[in-house]
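K.L.:
Structure supplied as input28.txt; contents: compact mmCIF, C-alpha atoms.
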```
# COMPACT_ATOMS: atom_id res chain seq x y z
CA MET U 1 -37.10 -137.52 -120.33
CA GLU U 2 -38.69 -138.76 -123.55
CA TYR U 3 -37.60 -142.30 -124.45
CA SER U 4 -36.02 -141.49 -127.83
CA GLU U 5 -34.00 -138.71 -126.20
CA LEU U 6 -33.03 -141.01 -123.32
CA ILE U 7 -31.56 -143.69 -125.60
CA LYS U 8 -29.77 -141.15 -127.79
CA LEU U 9 -28.19 -139.31 -124.85
CA ARG U 10 -27.13 -142.29 -122.73
CA HIS U 11 -23.42 -142.94 -123.00
CA SER U 12 -20.74 -144.76 -121.08
CA CYS U 13 -19.62 -142.78 -118.07
CA ARG U 14 -16.07 -143.25 -116.82
CA ASN U 15 -15.81 -140.55 -114.17
CA TYR U 16 -18.17 -140.42 -111.17
CA SER U 17 -18.85 -138.08 -108.31
CA LYS U 18 -18.98 -139.56 -104.81
CA ALA U 19 -22.59 -138.35 -104.38
CA PRO U 20 -24.72 -141.25 -103.14
CA ILE U 21 -27.68 -142.57 -105.08
CA ALA U 22 -30.91 -142.23 -103.10
CA PRO U 23 -32.27 -145.66 -102.04
CA GLU U 24 -35.60 -145.08 -103.82
CA ILE U 25 -33.78 -144.33 -107.10
CA LEU U 26 -31.59 -147.40 -106.71
CA ASP U 27 -34.77 -149.42 -106.07
CA GLU U 28 -36.28 -148.01 -109.28
CA ILE U 29 -33.16 -148.99 -111.23
CA LEU U 30 -33.30 -152.54 -109.85
CA GLU U 31 -37.04 -152.75 -110.54
CA ALA U 32 -36.40 -151.85 -114.19
CA GLY U 33 -34.15 -154.90 -114.38
CA ARG U 34 -36.61 -157.12 -112.53
CA ILE U 35 -39.45 -156.51 -114.96
CA ALA U 36 -37.40 -157.13 -118.13
CA PRO U 37 -38.48 -159.80 -120.60
CA SER U 38 -36.67 -163.14 -120.66
CA ALA U 39 -36.86 -166.40 -122.59
CA GLN U 40 -39.86 -168.35 -121.25
CA ASN U 41 -39.94 -165.83 -118.39
CA ARG U 42 -37.10 -167.73 -116.69
CA GLN U 43 -35.70 -164.50 -115.20
CA PRO U 44 -32.17 -165.90 -114.73
CA TRP U 45 -30.66 -162.57 -113.70
CA ARG U 46 -29.13 -162.14 -110.29
CA TYR U 47 -27.64 -158.83 -109.23
CA ILE U 48 -24.93 -158.19 -106.69
CA VAL U 49 -25.28 -154.58 -105.55
CA VAL U 50 -22.16 -153.23 -103.88
CA THR U 51 -22.30 -149.92 -102.01
CA ASN U 52 -19.38 -150.53 -99.66
CA ASN U 53 -16.57 -148.35 -101.03
CA GLU U 54 -13.82 -150.64 -99.73
CA LEU U 55 -15.36 -153.64 -101.47
CA ILE U 56 -15.83 -151.62 -104.68
CA LYS U 57 -12.09 -150.81 -104.57
CA LYS U 58 -11.23 -154.50 -104.06
CA ILE U 59 -13.47 -155.49 -106.95
CA ALA U 60 -11.83 -152.81 -109.12
CA LEU U 61 -8.44 -154.34 -108.39
CA HIS U 62 -9.69 -157.91 -108.91
CA SER U 63 -11.52 -157.05 -112.09
CA ILE U 64 -8.50 -155.75 -113.91
CA VAL U 65 -7.81 -157.44 -117.18
CA SER U 66 -6.40 -154.12 -118.25
CA LEU U 67 -5.77 -150.93 -116.29
CA PRO U 68 -8.77 -149.00 -117.70
CA ASN U 69 -11.19 -150.63 -115.21
CA LEU U 70 -9.73 -148.68 -112.32
CA PHE U 71 -12.29 -145.90 -112.83
CA ILE U 72 -15.00 -148.05 -111.24
CA LYS U 73 -13.54 -147.50 -107.76
CA GLU U 74 -14.88 -143.93 -107.73
CA ALA U 75 -18.56 -144.85 -108.18
CA PRO U 76 -20.91 -144.99 -105.18
CA VAL U 77 -22.57 -148.18 -106.50
CA LEU U 78 -21.23 -151.14 -108.43
CA ILE U 79 -23.59 -153.76 -109.79
CA LEU U 80 -22.48 -157.19 -110.96
CA ALA U 81 -24.94 -158.65 -113.46
CA CYS U 82 -24.99 -162.41 -113.08
CA GLY U 83 -26.88 -165.21 -114.75
CA ASP U 84 -28.10 -168.27 -112.89
CA VAL U 85 -27.33 -171.02 -115.39
CA LYS U 86 -29.75 -173.36 -113.59
CA SER U 87 -32.59 -170.97 -114.48
CA SER U 88 -31.51 -170.43 -118.07
CA LEU U 89 -33.33 -171.66 -121.15
CA LYS U 90 -31.05 -173.55 -123.51
CA PHE U 91 -32.30 -173.57 -127.08
CA ASN U 92 -30.54 -173.78 -130.45
CA LYS U 93 -27.36 -174.68 -128.54
CA GLN U 94 -27.44 -171.27 -126.81
CA ASP U 95 -27.68 -170.40 -123.16
CA TYR U 96 -30.23 -167.60 -123.09
CA TYR U 97 -29.18 -166.28 -119.68
CA LEU U 98 -26.63 -164.16 -121.56
CA VAL U 99 -29.32 -162.44 -123.62
CA ASP U 100 -31.76 -162.20 -120.73
CA VAL U 101 -29.25 -160.62 -118.37
CA ALA U 102 -28.10 -158.19 -121.08
CA ILE U 103 -31.68 -157.02 -121.69
CA SER U 104 -32.34 -156.63 -117.98
CA PHE U 105 -29.06 -154.80 -117.31
CA GLN U 106 -29.65 -152.40 -120.20
CA GLN U 107 -33.07 -151.53 -118.79
CA MET U 108 -31.36 -150.74 -115.48
CA MET U 109 -28.83 -148.49 -117.20
CA LEU U 110 -31.59 -146.59 -119.01
CA ALA U 111 -33.56 -146.22 -115.77
CA GLY U 112 -30.46 -144.80 -114.12
CA TRP U 113 -29.78 -142.39 -116.96
CA ASN U 114 -33.37 -141.16 -116.67
CA HIS U 115 -32.30 -139.88 -113.23
CA GLY U 116 -28.98 -138.50 -114.46
CA ILE U 117 -27.07 -141.55 -113.20
CA GLY U 118 -24.29 -142.77 -115.45
CA SER U 119 -23.10 -146.32 -115.99
CA CYS U 120 -20.62 -148.23 -118.12
CA TRP U 121 -21.00 -151.84 -119.26
CA ILE U 122 -17.77 -153.66 -118.40
CA ALA U 123 -16.93 -157.02 -119.89
CA ALA U 124 -13.16 -156.99 -119.31
CA PHE U 125 -12.84 -158.71 -115.94
CA ASP U 126 -11.45 -161.88 -114.43
CA GLU U 127 -14.57 -163.88 -113.62
CA THR U 128 -12.79 -166.55 -111.57
CA SER U 129 -11.12 -163.98 -109.33
CA LEU U 130 -14.32 -161.95 -108.89
CA LYS U 131 -16.45 -164.99 -108.11
CA LYS U 132 -13.99 -165.99 -105.41
CA LEU U 133 -13.79 -162.47 -103.96
CA ILE U 134 -17.56 -162.10 -103.57
CA ASP U 135 -18.25 -165.78 -102.90
CA LEU U 136 -20.66 -166.48 -105.76
CA PRO U 137 -22.19 -169.95 -106.21
CA ASP U 138 -20.77 -172.05 -109.04
CA HIS U 139 -24.01 -171.89 -111.03
CA TYR U 140 -23.83 -168.06 -111.26
CA ARG U 141 -21.92 -166.58 -114.19
CA ILE U 142 -20.91 -162.93 -114.19
CA VAL U 143 -22.14 -161.51 -117.49
CA GLY U 144 -21.02 -157.93 -116.91
CA LEU U 145 -20.60 -155.28 -114.28
CA SER U 146 -21.19 -151.58 -114.15
CA PRO U 147 -20.53 -148.69 -111.84
CA PHE U 148 -23.56 -146.46 -111.27
CA GLY U 149 -23.19 -142.85 -110.20
CA TYR U 150 -23.64 -139.23 -111.09
CA PRO U 151 -21.23 -138.22 -113.86
CA LYS U 152 -18.39 -135.91 -112.98
CA SER U 153 -16.64 -133.71 -115.54
CA LYS U 154 -14.45 -135.80 -117.79
CA ASN U 155 -10.81 -135.87 -116.82
CA LEU U 156 -7.85 -136.80 -119.02
CA TYR U 157 -8.02 -140.45 -117.90
CA SER U 158 -11.73 -140.85 -118.72
CA ARG U 159 -11.29 -139.11 -122.09
CA LEU U 160 -8.40 -141.41 -122.97
CA ILE U 161 -10.31 -144.56 -121.97
CA SER U 162 -13.37 -143.43 -123.96
CA LEU U 163 -11.16 -142.74 -126.96
CA VAL U 164 -9.50 -146.17 -126.76
CA ALA U 165 -12.91 -147.84 -126.33
CA GLY U 166 -14.30 -145.98 -129.34
CA SER U 167 -17.41 -145.19 -127.31
CA LYS U 168 -18.77 -142.53 -129.68
CA ASN U 169 -18.31 -144.56 -132.86
CA ARG U 170 -21.57 -145.95 -134.22
CA LYS U 171 -21.98 -147.85 -137.47
CA PRO U 172 -24.41 -146.38 -139.97
CA ILE U 173 -27.82 -148.05 -140.21
CA ASN U 174 -27.05 -149.52 -143.66
CA GLU U 175 -24.20 -151.57 -142.14
CA ILE U 176 -26.34 -153.20 -139.48
CA VAL U 177 -29.76 -153.69 -141.12
CA ILE U 178 -30.57 -156.06 -143.97
CA TYR U 179 -34.00 -155.87 -145.57
CA LYS U 180 -35.36 -158.95 -147.36
```
Rewrite the structure from the file as structure tokens, please.

P.N.:
Amino acid sequence: MEYSELIKLRHSCRNYSKAPIAPEILDEILEAGRIAPSAQNRQPWRYIVVTNNELIKKIALHSIVSLPNLFIKEAPVLILACGDVKSSLKFNKQDYYLVDVAISFQQMMLAGWNHGIGSCWIAAFDETSLKKLIDLPDHYRIVGLSPFGYPKSKNLYSRLISLVAGSKNRKPINEIVIYK
């Protein structure tokens, strides 16, 4: 798929088929994240890849800040995007692991979409509960998580969640760009 088409067509997917993702495609998705740029090339991203359906269901239940996250339990893969704060550059009173992980994770989502694999950036989760469940070291912070899987036809639940999230709403360019 051409890049401009890829970024225009990618959208948050909230309904997944159970079809597995081929290991070589999952490797390609992870490689897209690995080669992302980062501040001073610190590469603070760490990814927890979960393919065990029972663990995905547990994470779905532990990640609930609100009921909408339950859709992640249907996906064949769940990836937790973490930042290693020990590897992060701190500059201008900012921890750049947040930016670095976001760039890397977005590249993974685009790589997946290039293969017809949907994803959905999730920020509404209980980090303390999730870190305990998957036994993460203290110096890892969970920046976001996303299910990865082949989209299934939207059902009422996924339509409602997308509507509440305002997923299709985009600000016009004149509201986000300032020329000087």

K.L.:
Skip stretch 122-138 of chain U itself and residues of its chain fewer than 2 positions away, then list as a PyMOL selection string all residues within 12 Å of it, counting all atoms listed in the file.

P.N.:
chain U and resi 12-14+46-50+55-72+78-86+102+105+119-120+140-148+165

K.L.:
Between atom CA of U:Gln107 and atom CA of U:His11, measure the distance and give it in Å to one decimal.

P.N.:
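About the pair atom CA of U:Gln107 and atom CA of U:His11: they are 13.6 Å apart.
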
K.L.:
With a distance cut-off of 10 Å and only C-alpha atoms, select the neighbouring residues of U:Lys18, excluding the residue or stretch itself and same-chain residues fewer than 5 positions from it, and output the selection as a list in words.

P.N.:
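Within the cut-off, the hits are Asn53, Glu74, Ala75, Pro76, Val77, Gly149, Tyr150, Pro151 and Lys152 of chain U.
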
K.L.:
Report, in Å with one decimal, the straight-line distance from atom CA of U:Ser38 to atom CA of U:Gln106.

P.N.:
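Interatomic distance, atom CA of U:Ser38 to atom CA of U:Gln106: 12.8 Å.
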
K.L.:
Rounded to one decimal place, report the atom CA of U:Asn52-atom CA of U:Pro20 distance in Å.

P.N.:
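Distance between the two atoms: 11.3 Å.
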
K.L.:
When distances are computed from all atoms listed in the file, which of U:Asn92, U:Thr51, U:Asn41, U:Asn174 shows the smallest separation from U:Ser104?

P.N.:
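For U:Ser104, the nearest of the given residues is U:Asn41.
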
K.L.:
What would stretch 28-47 of chain U look like with N, CA and C atoms in place, written as an mmCIF file, in the frame of the given file?

P.N.:
```cif
data_model
loop_
_atom_site.group_PDB
_atom_site.id
_atom_site.type_symbol
_atom_site.label_atom_id
_atom_site.label_comp_id
_atom_site.auth_asym_id
_atom_site.auth_seq_id
_atom_site.Cartn_x
_atom_site.Cartn_y
_atom_site.Cartn_z
ATOM 1 N N GLU U 28 -35.640 -148.165 -107.960
ATOM 2 C CA GLU U 28 -36.280 -148.010 -109.280
ATOM 3 C C GLU U 28 -35.398 -148.612 -110.380
ATOM 4 N N ILE U 29 -34.098 -148.413 -110.264
ATOM 5 C CA ILE U 29 -33.160 -148.990 -111.230
ATOM 6 C C ILE U 29 -33.243 -150.519 -111.190
ATOM 7 N N LEU U 30 -33.232 -151.081 -109.994
ATOM 8 C CA LEU U 30 -33.300 -152.540 -109.850
ATOM 9 C C LEU U 30 -34.650 -153.083 -110.323
ATOM 10 N N GLU U 31 -35.710 -152.344 -110.080
ATOM 11 C CA GLU U 31 -37.040 -152.750 -110.540
ATOM 12 C C GLU U 31 -37.104 -152.787 -112.060
ATOM 13 N N ALA U 32 -36.447 -151.848 -112.718
ATOM 14 C CA ALA U 32 -36.400 -151.850 -114.190
ATOM 15 C C ALA U 32 -35.771 -153.141 -114.698
ATOM 16 N N GLY U 33 -34.765 -153.629 -114.007
ATOM 17 C CA GLY U 33 -34.150 -154.900 -114.380
ATOM 18 C C GLY U 33 -35.046 -156.083 -114.071
ATOM 19 N N ARG U 34 -35.743 -156.011 -112.956
ATOM 20 C CA ARG U 34 -36.610 -157.120 -112.530
ATOM 21 C C ARG U 34 -37.740 -157.386 -113.515
ATOM 22 N N ILE U 35 -38.281 -156.333 -114.102
ATOM 23 C CA ILE U 35 -39.450 -156.510 -114.960
ATOM 24 C C ILE U 35 -39.099 -156.724 -116.436
ATOM 25 N N ALA U 36 -37.837 -156.911 -116.742
ATOM 26 C CA ALA U 36 -37.400 -157.130 -118.130
ATOM 27 C C ALA U 36 -37.950 -158.448 -118.676
ATOM 28 N N PRO U 37 -38.069 -158.534 -119.992
ATOM 29 C CA PRO U 37 -38.480 -159.800 -120.600
ATOM 30 C C PRO U 37 -37.331 -160.815 -120.573
ATOM 31 N N SER U 38 -37.682 -162.083 -120.584
ATOM 32 C CA SER U 38 -36.670 -163.140 -120.660
ATOM 33 C C SER U 38 -37.280 -164.356 -121.359
ATOM 34 N N ALA U 39 -36.417 -165.196 -121.881
ATOM 35 C CA ALA U 39 -36.860 -166.400 -122.590
ATOM 36 C C ALA U 39 -37.690 -167.267 -121.632
ATOM 37 N N GLN U 40 -38.900 -167.581 -122.056
ATOM 38 C CA GLN U 40 -39.860 -168.350 -121.250
ATOM 39 C C GLN U 40 -40.019 -167.796 -119.843
ATOM 40 N N ASN U 41 -39.806 -166.516 -119.688
ATOM 41 C CA ASN U 41 -39.940 -165.830 -118.390
ATOM 42 C C ASN U 41 -39.120 -166.509 -117.294
ATOM 43 N N ARG U 42 -37.961 -167.028 -117.657
ATOM 44 C CA ARG U 42 -37.100 -167.730 -116.690
ATOM 45 C C ARG U 42 -36.447 -166.778 -115.689
ATOM 46 N N GLN U 43 -36.273 -165.519 -116.080
ATOM 47 C CA GLN U 43 -35.700 -164.500 -115.200
ATOM 48 C C GLN U 43 -34.398 -164.980 -114.521
ATOM 49 N N PRO U 44 -33.397 -165.344 -115.310
ATOM 50 C CA PRO U 44 -32.170 -165.900 -114.730
ATOM 51 C C PRO U 44 -31.212 -164.870 -114.145
ATOM 52 N N TRP U 45 -31.571 -163.600 -114.201
ATOM 53 C CA TRP U 45 -30.660 -162.570 -113.700
ATOM 54 C C TRP U 45 -30.577 -162.571 -112.184
ATOM 55 N N ARG U 46 -29.395 -162.315 -111.716
ATOM 56 C CA ARG U 46 -29.130 -162.140 -110.290
ATOM 57 C C ARG U 46 -28.164 -160.959 -110.198
ATOM 58 N N TYR U 47 -28.457 -160.032 -109.332
ATOM 59 C CA TYR U 47 -27.640 -158.830 -109.230
ATOM 60 C C TYR U 47 -26.977 -158.722 -107.870
#
```
